[in-house]
$ cat my_file_18.tsv   # TSV, N, CA and C atoms
chain	number	residue	atom	x	y	z
A	1	MET	N	96.24	21.44	22.48
A	1	MET	CA	95.15	20.49	22.59
A	1	MET	C	93.84	21.20	22.90
A	2	LYS	N	93.90	22.22	23.79
A	2	LYS	CA	92.69	22.96	24.12
A	2	LYS	C	92.13	23.68	22.91
A	3	LYS	N	93.02	24.20	22.06
A	3	LYS	CA	92.57	24.91	20.87
A	3	LYS	C	91.81	23.98	19.94
A	4	VAL	N	92.27	22.76	19.81
A	4	VAL	CA	91.61	21.78	18.94
A	4	VAL	C	90.20	21.48	19.47
A	5	ILE	N	90.06	21.36	20.76
A	5	ILE	CA	88.75	21.07	21.36
A	5	ILE	C	87.82	22.26	21.15
A	6	TYR	N	88.32	23.48	21.40
A	6	TYR	CA	87.50	24.67	21.22
A	6	TYR	C	87.08	24.85	19.75
A	7	VAL	N	87.99	24.60	18.84
A	7	VAL	CA	87.67	24.73	17.42
A	7	VAL	C	86.63	23.68	17.02
A	8	THR	N	86.76	22.47	17.53
A	8	THR	CA	85.81	21.41	17.23
A	8	THR	C	84.41	21.77	17.76
A	9	ILE	N	84.35	22.29	18.98
A	9	ILE	CA	83.06	22.69	19.56
A	9	ILE	C	82.46	23.84	18.75
A	10	ALA	N	83.27	24.82	18.36
A	10	ALA	CA	82.78	25.95	17.58
A	10	ALA	C	82.26	25.49	16.22
A	11	ILE	N	82.95	24.59	15.57
A	11	ILE	CA	82.50	24.06	14.28
A	11	ILE	C	81.19	23.27	14.45
A	12	GLY	N	81.10	22.53	15.55
A	12	GLY	CA	79.87	21.79	15.82
A	12	GLY	C	78.68	22.70	15.99
A	13	PHE	N	78.85	23.81	16.74
A	13	PHE	CA	77.75	24.77	16.90
A	13	PHE	C	77.39	25.44	15.60
A	14	LEU	N	78.36	25.83	14.82
A	14	LEU	CA	78.09	26.51	13.57
A	14	LEU	C	77.50	25.58	12.52
A	15	ALA	N	77.89	24.32	12.55
A	15	ALA	CA	77.37	23.37	11.56
A	15	ALA	C	75.92	23.00	11.86
A	16	SER	N	75.51	23.12	13.13
A	16	SER	CA	74.15	22.74	13.47
A	16	SER	C	73.14	23.83	13.17
A	17	CYS	N	73.59	25.03	12.86
A	17	CYS	CA	72.68	26.12	12.52
A	17	CYS	C	72.25	26.01	11.06
A	18	LYS	N	70.97	26.25	10.83
A	18	LYS	CA	70.46	26.18	9.47
A	18	LYS	C	69.74	27.48	9.16
A	19	PRO	N	70.14	28.18	8.12
A	19	PRO	CA	69.41	29.40	7.77
A	19	PRO	C	68.04	29.05	7.19
A	20	THR	N	67.04	29.84	7.52
A	20	THR	CA	65.70	29.61	7.00
A	20	THR	C	65.25	30.82	6.21
A	21	PHE	N	64.31	30.57	5.31
A	21	PHE	CA	63.75	31.63	4.49
A	21	PHE	C	62.25	31.64	4.75
A	22	TYR	N	61.76	32.70	5.35
A	22	TYR	CA	60.34	32.81	5.67
A	22	TYR	C	59.58	33.41	4.50
A	23	VAL	N	58.66	32.64	3.97
A	23	VAL	CA	57.86	33.09	2.84
A	23	VAL	C	56.60	33.80	3.33
A	24	GLY	N	56.15	33.47	4.50
A	24	GLY	CA	54.93	34.07	5.04
A	24	GLY	C	53.76	33.14	4.88
A	25	SER	N	53.08	32.84	5.94
A	25	SER	CA	51.89	31.98	5.96
A	25	SER	C	52.16	30.63	5.30
A	26	TYR	N	53.32	30.10	5.51
A	26	TYR	CA	53.68	28.77	5.04
A	26	TYR	C	53.54	28.60	3.55
A	27	GLY	N	53.81	29.64	2.79
A	27	GLY	CA	53.83	29.55	1.34
A	27	GLY	C	52.47	29.51	0.69
A	28	GLN	N	51.41	29.89	1.39
A	28	GLN	CA	50.09	29.88	0.79
A	28	GLN	C	49.96	31.03	-0.20
A	29	VAL	N	49.37	30.73	-1.34
A	29	VAL	CA	49.20	31.75	-2.36
A	29	VAL	C	47.88	32.49	-2.15
A	30	ASN	N	46.81	31.74	-1.94
A	30	ASN	CA	45.49	32.34	-1.74
A	30	ASN	C	45.23	32.48	-0.25
A	31	GLN	N	45.04	33.68	0.20
A	31	GLN	CA	44.78	33.90	1.61
A	31	GLN	C	43.45	34.61	1.77
A	32	THR	N	42.70	34.19	2.77
A	32	THR	CA	41.46	34.85	3.12
A	32	THR	C	41.59	35.28	4.56
A	33	GLN	N	41.29	36.52	4.84
A	33	GLN	CA	41.44	37.04	6.18
A	33	GLN	C	40.10	37.54	6.70
A	34	VAL	N	39.91	37.36	7.99
A	34	VAL	CA	38.74	37.92	8.66
A	34	VAL	C	39.19	39.23	9.28
A	35	VAL	N	38.69	40.33	8.76
A	35	VAL	CA	39.02	41.65	9.26
A	35	VAL	C	37.86	42.10	10.13
A	36	LEU	N	38.14	42.38	11.39
A	36	LEU	CA	37.05	42.70	12.31
A	36	LEU	C	36.53	44.12	12.17
A	37	SER	N	37.23	44.97	11.42
A	37	SER	CA	36.76	46.34	11.25
A	37	SER	C	35.58	46.42	10.27
A	38	ASN	N	35.48	45.44	9.38
A	38	ASN	CA	34.32	45.38	8.49
A	38	ASN	C	33.92	43.92	8.31
A	39	SER	N	32.71	43.70	7.89
A	39	SER	CA	32.19	42.34	7.74
A	39	SER	C	32.50	41.83	6.33
A	40	ASN	N	33.45	40.91	6.23
A	40	ASN	CA	33.77	40.35	4.93
A	40	ASN	C	33.37	38.88	4.82
A	41	PHE	N	32.43	38.46	5.66
A	41	PHE	CA	31.92	37.09	5.58
A	41	PHE	C	30.47	37.08	6.04
A	42	LYS	N	29.76	36.02	5.63
A	42	LYS	CA	28.39	35.83	6.12
A	42	LYS	C	28.25	34.41	6.61
A	43	VAL	N	27.46	34.23	7.65
A	43	VAL	CA	27.23	32.92	8.25
A	43	VAL	C	26.11	32.24	7.49
A	44	LEU	N	26.40	31.03	6.99
A	44	LEU	CA	25.41	30.29	6.21
A	44	LEU	C	24.57	29.36	7.07
A	45	GLY	N	25.05	29.06	8.26
A	45	GLY	CA	24.27	28.20	9.15
A	45	GLY	C	25.12	27.47	10.15
A	46	SER	N	24.47	26.92	11.14
A	46	SER	CA	25.12	26.11	12.17
A	46	SER	C	24.63	24.68	12.01
A	47	PHE	N	25.56	23.74	11.98
A	47	PHE	CA	25.20	22.35	11.69
A	47	PHE	C	25.85	21.41	12.71
A	48	THR	N	25.25	20.22	12.85
A	48	THR	CA	25.71	19.22	13.80
A	48	THR	C	25.73	17.86	13.13
A	49	GLY	N	26.74	17.06	13.45
A	49	GLY	CA	26.82	15.68	12.99
A	49	GLY	C	27.08	14.76	14.15
A	50	VAL	N	26.47	13.59	14.14
A	50	VAL	CA	26.59	12.64	15.25
A	50	VAL	C	26.98	11.28	14.72
A	51	ALA	N	27.88	10.61	15.43
A	51	ALA	CA	28.24	9.22	15.14
A	51	ALA	C	28.30	8.47	16.45
A	52	THR	N	27.80	7.24	16.45
A	52	THR	CA	27.79	6.44	17.68
A	52	THR	C	28.17	5.00	17.35
A	53	ASP	N	28.76	4.33	18.34
A	53	ASP	CA	29.15	2.94	18.14
A	53	ASP	C	29.21	2.25	19.50
A	54	LYS	N	29.19	0.91	19.48
A	54	LYS	CA	29.29	0.15	20.72
A	54	LYS	C	30.68	0.34	21.32
A	55	LYS	N	30.73	0.37	22.63
A	55	LYS	CA	32.00	0.63	23.31
A	55	LYS	C	32.97	-0.53	23.13
A	56	ARG	N	32.50	-1.74	23.02
A	56	ARG	CA	33.39	-2.88	22.82
A	56	ARG	C	34.17	-2.75	21.52
A	57	VAL	N	33.54	-2.18	20.51
A	57	VAL	CA	34.15	-2.05	19.20
A	57	VAL	C	35.12	-0.87	19.16
A	58	VAL	N	34.84	0.16	19.93
A	58	VAL	CA	35.61	1.40	19.85
A	58	VAL	C	36.82	1.33	20.76
A	59	GLY	N	37.99	1.46	20.15
A	59	GLY	CA	39.22	1.61	20.90
A	59	GLY	C	39.76	3.00	20.66
A	60	VAL	N	40.98	3.22	21.05
A	60	VAL	CA	41.59	4.53	20.85
A	60	VAL	C	41.70	4.84	19.36
A	61	LYS	N	42.05	3.85	18.55
A	61	LYS	CA	42.18	4.07	17.11
A	61	LYS	C	40.84	4.40	16.46
A	62	HIS	N	39.78	3.80	16.93
A	62	HIS	CA	38.48	3.96	16.30
A	62	HIS	C	37.79	5.28	16.65
A	63	ARG	N	38.24	5.96	17.70
A	63	ARG	CA	37.61	7.24	18.06
A	63	ARG	C	37.83	8.26	16.96
A	64	GLU	N	39.01	8.24	16.34
A	64	GLU	CA	39.25	9.15	15.22
A	64	GLU	C	38.30	8.82	14.07
A	65	GLY	N	37.98	7.56	13.89
A	65	GLY	CA	37.03	7.17	12.87
A	65	GLY	C	35.63	7.68	13.19
A	66	LEU	N	35.26	7.69	14.46
A	66	LEU	CA	33.96	8.23	14.85
A	66	LEU	C	33.90	9.74	14.62
A	67	VAL	N	35.00	10.43	14.88
A	67	VAL	CA	35.03	11.87	14.62
A	67	VAL	C	34.88	12.14	13.12
A	68	ALA	N	35.55	11.34	12.30
A	68	ALA	CA	35.43	11.51	10.85
A	68	ALA	C	34.01	11.21	10.39
A	69	GLN	N	33.37	10.20	10.96
A	69	GLN	CA	31.99	9.88	10.61
A	69	GLN	C	31.04	11.01	11.02
A	70	ALA	N	31.27	11.56	12.21
A	70	ALA	CA	30.43	12.66	12.68
A	70	ALA	C	30.61	13.89	11.79
A	71	LYS	N	31.84	14.15	11.37
A	71	LYS	CA	32.08	15.30	10.48
A	71	LYS	C	31.42	15.06	9.13
A	72	ALA	N	31.50	13.84	8.61
A	72	ALA	CA	30.83	13.52	7.35
A	72	ALA	C	29.32	13.69	7.49
A	73	ASN	N	28.77	13.31	8.65
A	73	ASN	CA	27.35	13.49	8.91
A	73	ASN	C	27.00	14.97	8.96
A	74	LEU	N	27.87	15.79	9.56
A	74	LEU	CA	27.67	17.25	9.60
A	74	LEU	C	27.62	17.81	8.19
A	75	LEU	N	28.57	17.41	7.35
A	75	LEU	CA	28.59	17.91	5.97
A	75	LEU	C	27.38	17.43	5.18
A	76	ALA	N	26.92	16.21	5.46
A	76	ALA	CA	25.71	15.71	4.79
A	76	ALA	C	24.48	16.50	5.23
A	77	ASN	N	24.41	16.84	6.52
A	77	ASN	CA	23.29	17.66	7.00
A	77	ASN	C	23.32	19.05	6.37
A	78	ALA	N	24.51	19.61	6.22
A	78	ALA	CA	24.64	20.92	5.58
A	78	ALA	C	24.24	20.84	4.12
A	79	LYS	N	24.65	19.76	3.45
A	79	LYS	CA	24.31	19.61	2.03
A	79	LYS	C	22.80	19.46	1.84
A	80	SER	N	22.16	18.73	2.74
A	80	SER	CA	20.71	18.57	2.63
A	80	SER	C	19.98	19.90	2.89
A	81	ALA	N	20.65	20.82	3.60
A	81	ALA	CA	20.07	22.15	3.81
A	81	ALA	C	20.45	23.11	2.69
A	82	GLY	N	21.22	22.63	1.70
A	82	GLY	CA	21.59	23.47	0.57
A	82	GLY	C	22.89	24.21	0.72
A	83	VAL	N	23.72	23.83	1.70
A	83	VAL	CA	25.00	24.50	1.94
A	83	VAL	C	26.11	23.48	1.74
A	84	GLU	N	27.03	23.76	0.81
A	84	GLU	CA	28.18	22.88	0.57
A	84	GLU	C	29.46	23.66	0.77
A	85	LEU	N	30.54	22.94	1.11
A	85	LEU	CA	31.85	23.57	1.26
A	85	LEU	C	32.51	23.69	-0.10
A	86	THR	N	32.22	24.77	-0.79
A	86	THR	CA	32.82	25.03	-2.09
A	86	THR	C	33.33	26.46	-2.12
A	87	GLY	N	34.32	26.71	-2.92
A	87	GLY	CA	34.83	28.07	-3.08
A	87	GLY	C	35.41	28.63	-1.81
A	88	SER	N	34.88	29.76	-1.37
A	88	SER	CA	35.44	30.44	-0.21
A	88	SER	C	34.62	30.20	1.05
A	89	ARG	N	34.13	29.00	1.21
A	89	ARG	CA	33.38	28.62	2.41
A	89	ARG	C	34.27	27.81	3.33
A	90	ALA	N	34.00	27.92	4.63
A	90	ALA	CA	34.85	27.23	5.60
A	90	ALA	C	34.04	26.86	6.84
A	91	LEU	N	34.51	25.81	7.53
A	91	LEU	CA	33.95	25.44	8.83
A	91	LEU	C	34.66	26.28	9.89
A	92	VAL	N	33.92	26.89	10.79
A	92	VAL	CA	34.51	27.67	11.88
A	92	VAL	C	33.82	27.28	13.18
A	93	ASN	N	34.48	27.59	14.28
A	93	ASN	CA	33.97	27.30	15.62
A	93	ASN	C	33.58	25.83	15.77
A	94	ALA	N	34.42	24.96	15.24
A	94	ALA	CA	34.12	23.53	15.30
A	94	ALA	C	34.42	23.00	16.70
A	95	THR	N	33.49	22.20	17.23
A	95	THR	CA	33.68	21.56	18.51
A	95	THR	C	33.40	20.07	18.37
A	96	VAL	N	34.12	19.28	19.15
A	96	VAL	CA	33.95	17.82	19.15
A	96	VAL	C	33.64	17.41	20.58
A	97	ASP	N	32.50	16.77	20.77
A	97	ASP	CA	32.09	16.28	22.08
A	97	ASP	C	32.05	14.76	22.03
A	98	VAL	N	32.67	14.13	23.03
A	98	VAL	CA	32.67	12.67	23.14
A	98	VAL	C	31.94	12.30	24.43
A	99	ILE	N	30.89	11.51	24.29
A	99	ILE	CA	30.11	11.06	25.44
A	99	ILE	C	30.19	9.55	25.50
A	100	GLN	N	30.60	9.05	26.67
A	100	GLN	CA	30.74	7.59	26.85
A	100	GLN	C	29.85	7.15	27.99
A	101	ASN	N	29.22	6.00	27.81
A	101	ASN	CA	28.57	5.33	28.92
A	101	ASN	C	29.06	3.89	28.91
A	102	GLU	N	28.39	3.02	29.63
A	102	GLU	CA	28.89	1.65	29.74
A	102	GLU	C	28.85	0.90	28.41
A	103	ASN	N	27.91	1.24	27.54
A	103	ASN	CA	27.72	0.48	26.32
A	103	ASN	C	28.12	1.20	25.04
A	104	ARG	N	28.03	2.52	25.01
A	104	ARG	CA	28.20	3.25	23.76
A	104	ARG	C	29.13	4.44	23.90
A	105	VAL	N	29.68	4.81	22.75
A	105	VAL	CA	30.45	6.05	22.62
A	105	VAL	C	29.76	6.87	21.53
A	106	THR	N	29.45	8.11	21.86
A	106	THR	CA	28.79	9.01	20.92
A	106	THR	C	29.66	10.24	20.71
A	107	VAL	N	29.93	10.55	19.45
A	107	VAL	CA	30.73	11.72	19.10
A	107	VAL	C	29.83	12.70	18.36
A	108	THR	N	29.84	13.95	18.81
A	108	THR	CA	29.05	15.00	18.18
A	108	THR	C	30.00	16.10	17.72
A	109	VAL	N	29.91	16.46	16.45
A	109	VAL	CA	30.71	17.56	15.88
A	109	VAL	C	29.75	18.67	15.51
A	110	SER	N	30.03	19.87	16.03
A	110	SER	CA	29.20	21.04	15.73
A	110	SER	C	30.09	22.12	15.11
A	111	ALA	N	29.57	22.84	14.13
A	111	ALA	CA	30.34	23.91	13.49
A	111	ALA	C	29.41	24.84	12.74
A	112	GLU	N	29.91	26.04	12.49
A	112	GLU	CA	29.23	26.98	11.63
A	112	GLU	C	29.93	26.99	10.27
A	113	ILE	N	29.17	27.20	9.23
A	113	ILE	CA	29.75	27.34	7.90
A	113	ILE	C	29.62	28.80	7.49
A	114	ILE	N	30.76	29.40	7.13
A	114	ILE	CA	30.74	30.79	6.70
A	114	ILE	C	31.23	30.89	5.26
A	115	GLU	N	30.88	31.98	4.61
A	115	GLU	CA	31.34	32.24	3.26
A	115	GLU	C	31.96	33.63	3.24
A	116	PHE	N	33.21	33.70	2.75
A	116	PHE	CA	33.89	34.98	2.63
A	116	PHE	C	33.35	35.70	1.41
A	117	THR	N	33.01	36.98	1.58
A	117	THR	CA	32.38	37.73	0.51
A	117	THR	C	33.35	38.65	-0.23
A	118	LYS	N	34.44	39.03	0.42
A	118	LYS	CA	35.41	39.93	-0.22
A	118	LYS	C	36.77	39.33	-0.24

$ encode --input "my_file_18.tsv" --output "C-alpha cells"
Amino acid sequence: MKKVIYVTIAIGFLASCKPTFYVGSYGQVNQTQVVLSNSNFKVLGSFTGVATDKKRVVGVKHREGLVAQAKANLLANAKSAGVELTGSRALVNATVDVIQNENRVTVTVSAEIIEFTK
C-alpha cells in the first residue's frame, strides 16, 4: 500500500513539471539595445502631457483613462514640435504624476523621446 502511495506522489510531481524552451527576449526578432560604451541613440526632446477631470466623475476605472489621455496629449505635443514615434524611436524615462484635490484629478505624463541611430 505504501508503494502505491509513493508511486502516485512521484507521478504527480513528475506530471506537474513542464519543459520550457527559451528563445531569448520573448521571441522578439528585432532588438534594439542601448550600449553604454558608445552612444547609439540621440535625444529628440522632452515632452509633457496633461489630462484633468472632475473628481466626481473620476473613479478607479477612469484614472487609467486619464493616463491614456495625458499620454495622447504628450504625443500630440511631440507631433506639434515635429517629433513622431516612428521607426526606431521610443519613449523613455516616462513618469506619471497624479494630483488630487477636493474637486479635480490631474494626471501629468512626462517622457523623453529618443531615436536609435545604430

$ residues_around --input "my_file_18.tsv" --residues "stretch 36-51 of chain A" --least-positions-apart "4" --cutoff "7 Å" --atoms "only N, CA and C atoms" --output "list in words"
Leu66, Val67, Gln69, Ala70, Lys71, Ala72, Asn73, Leu74, Leu75, Asn77, Ala78, Val105, Thr106, Val107, Thr108, Val109, Ser110, Ala111, Glu112, Ile113, Ile114, Glu115, Phe116, Thr117 and Lys118 of chain A

$ write_last_selection --input "my_file_18.tsv" --atoms "N, CA and C atoms" --output "tab-separated table (two decimals), in the frame of the given file"
chain	number	residue	atom	x	y	z
A	66	LEU	N	35.26	7.69	14.46
A	66	LEU	CA	33.96	8.23	14.85
A	66	LEU	C	33.90	9.74	14.62
A	67	VAL	N	35.00	10.43	14.88
A	67	VAL	CA	35.03	11.87	14.62
A	67	VAL	C	34.88	12.14	13.12
A	69	GLN	N	33.37	10.20	10.96
A	69	GLN	CA	31.99	9.88	10.61
A	69	GLN	C	31.04	11.01	11.02
A	70	ALA	N	31.27	11.56	12.21
A	70	ALA	CA	30.43	12.66	12.68
A	70	ALA	C	30.61	13.89	11.79
A	71	LYS	N	31.84	14.15	11.37
A	71	LYS	CA	32.08	15.30	10.48
A	71	LYS	C	31.42	15.06	9.13
A	72	ALA	N	31.50	13.84	8.61
A	72	ALA	CA	30.83	13.52	7.35
A	72	ALA	C	29.32	13.69	7.49
A	73	ASN	N	28.77	13.31	8.65
A	73	ASN	CA	27.35	13.49	8.91
A	73	ASN	C	27.00	14.97	8.96
A	74	LEU	N	27.87	15.79	9.56
A	74	LEU	CA	27.67	17.25	9.60
A	74	LEU	C	27.62	17.81	8.19
A	75	LEU	N	28.57	17.41	7.35
A	75	LEU	CA	28.59	17.91	5.97
A	75	LEU	C	27.38	17.43	5.18
A	77	ASN	N	24.41	16.84	6.52
A	77	ASN	CA	23.29	17.66	7.00
A	77	ASN	C	23.32	19.05	6.37
A	78	ALA	N	24.51	19.61	6.22
A	78	ALA	CA	24.64	20.92	5.58
A	78	ALA	C	24.24	20.84	4.12
A	105	VAL	N	29.68	4.81	22.75
A	105	VAL	CA	30.45	6.05	22.62
A	105	VAL	C	29.76	6.87	21.53
A	106	THR	N	29.45	8.11	21.86
A	106	THR	CA	28.79	9.01	20.92
A	106	THR	C	29.66	10.24	20.71
A	107	VAL	N	29.93	10.55	19.45
A	107	VAL	CA	30.73	11.72	19.10
A	107	VAL	C	29.83	12.70	18.36
A	108	THR	N	29.84	13.95	18.81
A	108	THR	CA	29.05	15.00	18.18
A	108	THR	C	30.00	16.10	17.72
A	109	VAL	N	29.91	16.46	16.45
A	109	VAL	CA	30.71	17.56	15.88
A	109	VAL	C	29.75	18.67	15.51
A	110	SER	N	30.03	19.87	16.03
A	110	SER	CA	29.20	21.04	15.73
A	110	SER	C	30.09	22.12	15.11
A	111	ALA	N	29.57	22.84	14.13
A	111	ALA	CA	30.34	23.91	13.49
A	111	ALA	C	29.41	24.84	12.74
A	112	GLU	N	29.91	26.04	12.49
A	112	GLU	CA	29.23	26.98	11.63
A	112	GLU	C	29.93	26.99	10.27
A	113	ILE	N	29.17	27.20	9.23
A	113	ILE	CA	29.75	27.34	7.90
A	113	ILE	C	29.62	28.80	7.49
A	114	ILE	N	30.76	29.40	7.13
A	114	ILE	CA	30.74	30.79	6.70
A	114	ILE	C	31.23	30.89	5.26
A	115	GLU	N	30.88	31.98	4.61
A	115	GLU	CA	31.34	32.24	3.26
A	115	GLU	C	31.96	33.63	3.24
A	116	PHE	N	33.21	33.70	2.75
A	116	PHE	CA	33.89	34.98	2.63
A	116	PHE	C	33.35	35.70	1.41
A	117	THR	N	33.01	36.98	1.58
A	117	THR	CA	32.38	37.73	0.51
A	117	THR	C	33.35	38.65	-0.23
A	118	LYS	N	34.44	39.03	0.42
A	118	LYS	CA	35.41	39.93	-0.22
A	118	LYS	C	36.77	39.33	-0.24

$ atom_distance --input "my_file_18.tsv" --atom1 "atom C of A:Glu102" --atom2 "atom CA of A:Lys55"
6.0 Å

$ atom_distance --input "my_file_18.tsv" --atom1 "atom C of A:Thr52" --atom2 "atom CA of A:Leu91"
22.9 Å

$ atom_distance --input "my_file_18.tsv" --atom1 "atom N of A:Lys79" --atom2 "atom C of A:Thr95"
17.3 Å

$ axis_aligned_box --input "my_file_18.tsv" --around "stretch 68-86 of chain A" --padding-each-side "8 Å" --output "JSON"
{"center_x": 27.8, "center_y": 18.2, "center_z": 5.3, "size_x": 31.6, "size_y": 32.6, "size_z": 30.8}

$ build_atoms --input "my_file_18.tsv" --residues "stretch 47-56 of chain A" --atoms "all heavy atoms" --output "PDB file, in the frame of the given file"
ATOM      1  N   PHE A  47      25.560  23.740  11.980  1.00  0.00           N
ATOM      2  CA  PHE A  47      25.200  22.350  11.690  1.00  0.00           C
ATOM      3  C   PHE A  47      25.850  21.410  12.710  1.00  0.00           C
ATOM      4  O   PHE A  47      26.858  21.736  13.316  1.00  0.00           O
ATOM      5  CB  PHE A  47      25.646  21.969  10.276  1.00  0.00           C
ATOM      6  CG  PHE A  47      25.020  22.840   9.227  1.00  0.00           C
ATOM      7  CD1 PHE A  47      25.705  23.922   8.705  1.00  0.00           C
ATOM      8  CD2 PHE A  47      23.737  22.592   8.778  1.00  0.00           C
ATOM      9  CE1 PHE A  47      25.128  24.737   7.756  1.00  0.00           C
ATOM     10  CE2 PHE A  47      23.150  23.403   7.829  1.00  0.00           C
ATOM     11  CZ  PHE A  47      23.846  24.479   7.318  1.00  0.00           C
ATOM     12  N   THR A  48      25.250  20.220  12.850  1.00  0.00           N
ATOM     13  CA  THR A  48      25.710  19.220  13.800  1.00  0.00           C
ATOM     14  C   THR A  48      25.730  17.860  13.130  1.00  0.00           C
ATOM     15  O   THR A  48      24.825  17.536  12.355  1.00  0.00           O
ATOM     16  CB  THR A  48      24.785  19.184  15.027  1.00  0.00           C
ATOM     17  OG1 THR A  48      24.745  20.482  15.608  1.00  0.00           O
ATOM     18  CG2 THR A  48      25.285  18.201  16.065  1.00  0.00           C
ATOM     19  N   GLY A  49      26.740  17.060  13.450  1.00  0.00           N
ATOM     20  CA  GLY A  49      26.820  15.680  12.990  1.00  0.00           C
ATOM     21  C   GLY A  49      27.080  14.760  14.150  1.00  0.00           C
ATOM     22  O   GLY A  49      27.830  15.098  15.071  1.00  0.00           O
ATOM     23  N   VAL A  50      26.470  13.590  14.140  1.00  0.00           N
ATOM     24  CA  VAL A  50      26.590  12.640  15.250  1.00  0.00           C
ATOM     25  C   VAL A  50      26.980  11.280  14.720  1.00  0.00           C
ATOM     26  O   VAL A  50      26.485  10.837  13.672  1.00  0.00           O
ATOM     27  CB  VAL A  50      25.240  12.527  16.022  1.00  0.00           C
ATOM     28  CG1 VAL A  50      25.340  11.520  17.148  1.00  0.00           C
ATOM     29  CG2 VAL A  50      24.823  13.879  16.553  1.00  0.00           C
ATOM     30  N   ALA A  51      27.880  10.610  15.430  1.00  0.00           N
ATOM     31  CA  ALA A  51      28.240   9.220  15.140  1.00  0.00           C
ATOM     32  C   ALA A  51      28.300   8.470  16.450  1.00  0.00           C
ATOM     33  O   ALA A  51      28.791   8.986  17.456  1.00  0.00           O
ATOM     34  CB  ALA A  51      29.579   9.143  14.419  1.00  0.00           C
ATOM     35  N   THR A  52      27.800   7.240  16.450  1.00  0.00           N
ATOM     36  CA  THR A  52      27.790   6.440  17.680  1.00  0.00           C
ATOM     37  C   THR A  52      28.170   5.000  17.350  1.00  0.00           C
ATOM     38  O   THR A  52      27.948   4.523  16.227  1.00  0.00           O
ATOM     39  CB  THR A  52      26.415   6.506  18.371  1.00  0.00           C
ATOM     40  OG1 THR A  52      26.494   5.825  19.609  1.00  0.00           O
ATOM     41  CG2 THR A  52      25.317   5.932  17.526  1.00  0.00           C
ATOM     42  N   ASP A  53      28.760   4.330  18.340  1.00  0.00           N
ATOM     43  CA  ASP A  53      29.150   2.940  18.140  1.00  0.00           C
ATOM     44  C   ASP A  53      29.210   2.250  19.500  1.00  0.00           C
ATOM     45  O   ASP A  53      29.274   2.905  20.542  1.00  0.00           O
ATOM     46  CB  ASP A  53      30.516   2.850  17.456  1.00  0.00           C
ATOM     47  CG  ASP A  53      30.686   1.553  16.681  1.00  0.00           C
ATOM     48  OD1 ASP A  53      29.879   0.622  16.877  1.00  0.00           O
ATOM     49  OD2 ASP A  53      31.619   1.470  15.874  1.00  0.00           O
ATOM     50  N   LYS A  54      29.190   0.910  19.480  1.00  0.00           N
ATOM     51  CA  LYS A  54      29.290   0.150  20.720  1.00  0.00           C
ATOM     52  C   LYS A  54      30.680   0.340  21.320  1.00  0.00           C
ATOM     53  O   LYS A  54      31.676   0.435  20.610  1.00  0.00           O
ATOM     54  CB  LYS A  54      29.046  -1.327  20.459  1.00  0.00           C
ATOM     55  CG  LYS A  54      27.633  -1.636  20.041  1.00  0.00           C
ATOM     56  CD  LYS A  54      27.454  -3.108  19.816  1.00  0.00           C
ATOM     57  CE  LYS A  54      26.047  -3.396  19.359  1.00  0.00           C
ATOM     58  NZ  LYS A  54      25.855  -4.825  19.089  1.00  0.00           N
ATOM     59  N   LYS A  55      30.730   0.370  22.630  1.00  0.00           N
ATOM     60  CA  LYS A  55      32.000   0.630  23.310  1.00  0.00           C
ATOM     61  C   LYS A  55      32.970  -0.530  23.130  1.00  0.00           C
ATOM     62  O   LYS A  55      34.175  -0.328  23.089  1.00  0.00           O
ATOM     63  CB  LYS A  55      31.765   0.912  24.787  1.00  0.00           C
ATOM     64  CG  LYS A  55      32.965   1.513  25.463  1.00  0.00           C
ATOM     65  CD  LYS A  55      32.615   2.053  26.808  1.00  0.00           C
ATOM     66  CE  LYS A  55      33.805   2.756  27.395  1.00  0.00           C
ATOM     67  NZ  LYS A  55      33.503   3.365  28.670  1.00  0.00           N
ATOM     68  N   ARG A  56      32.500  -1.740  23.020  1.00  0.00           N
ATOM     69  CA  ARG A  56      33.390  -2.880  22.820  1.00  0.00           C
ATOM     70  C   ARG A  56      34.170  -2.750  21.520  1.00  0.00           C
ATOM     71  O   ARG A  56      35.306  -3.155  21.417  1.00  0.00           O
ATOM     72  CB  ARG A  56      32.608  -4.186  22.807  1.00  0.00           C
ATOM     73  CG  ARG A  56      32.340  -4.733  24.172  1.00  0.00           C
ATOM     74  CD  ARG A  56      31.644  -6.058  24.046  1.00  0.00           C
ATOM     75  NE  ARG A  56      30.207  -5.770  24.215  1.00  0.00           N
ATOM     76  CZ  ARG A  56      29.244  -6.388  23.594  1.00  0.00           C
ATOM     77  NH1 ARG A  56      29.501  -7.350  22.762  1.00  0.00           N
ATOM     78  NH2 ARG A  56      27.992  -6.063  23.805  1.00  0.00           N
TER      79      ARG A  56
END
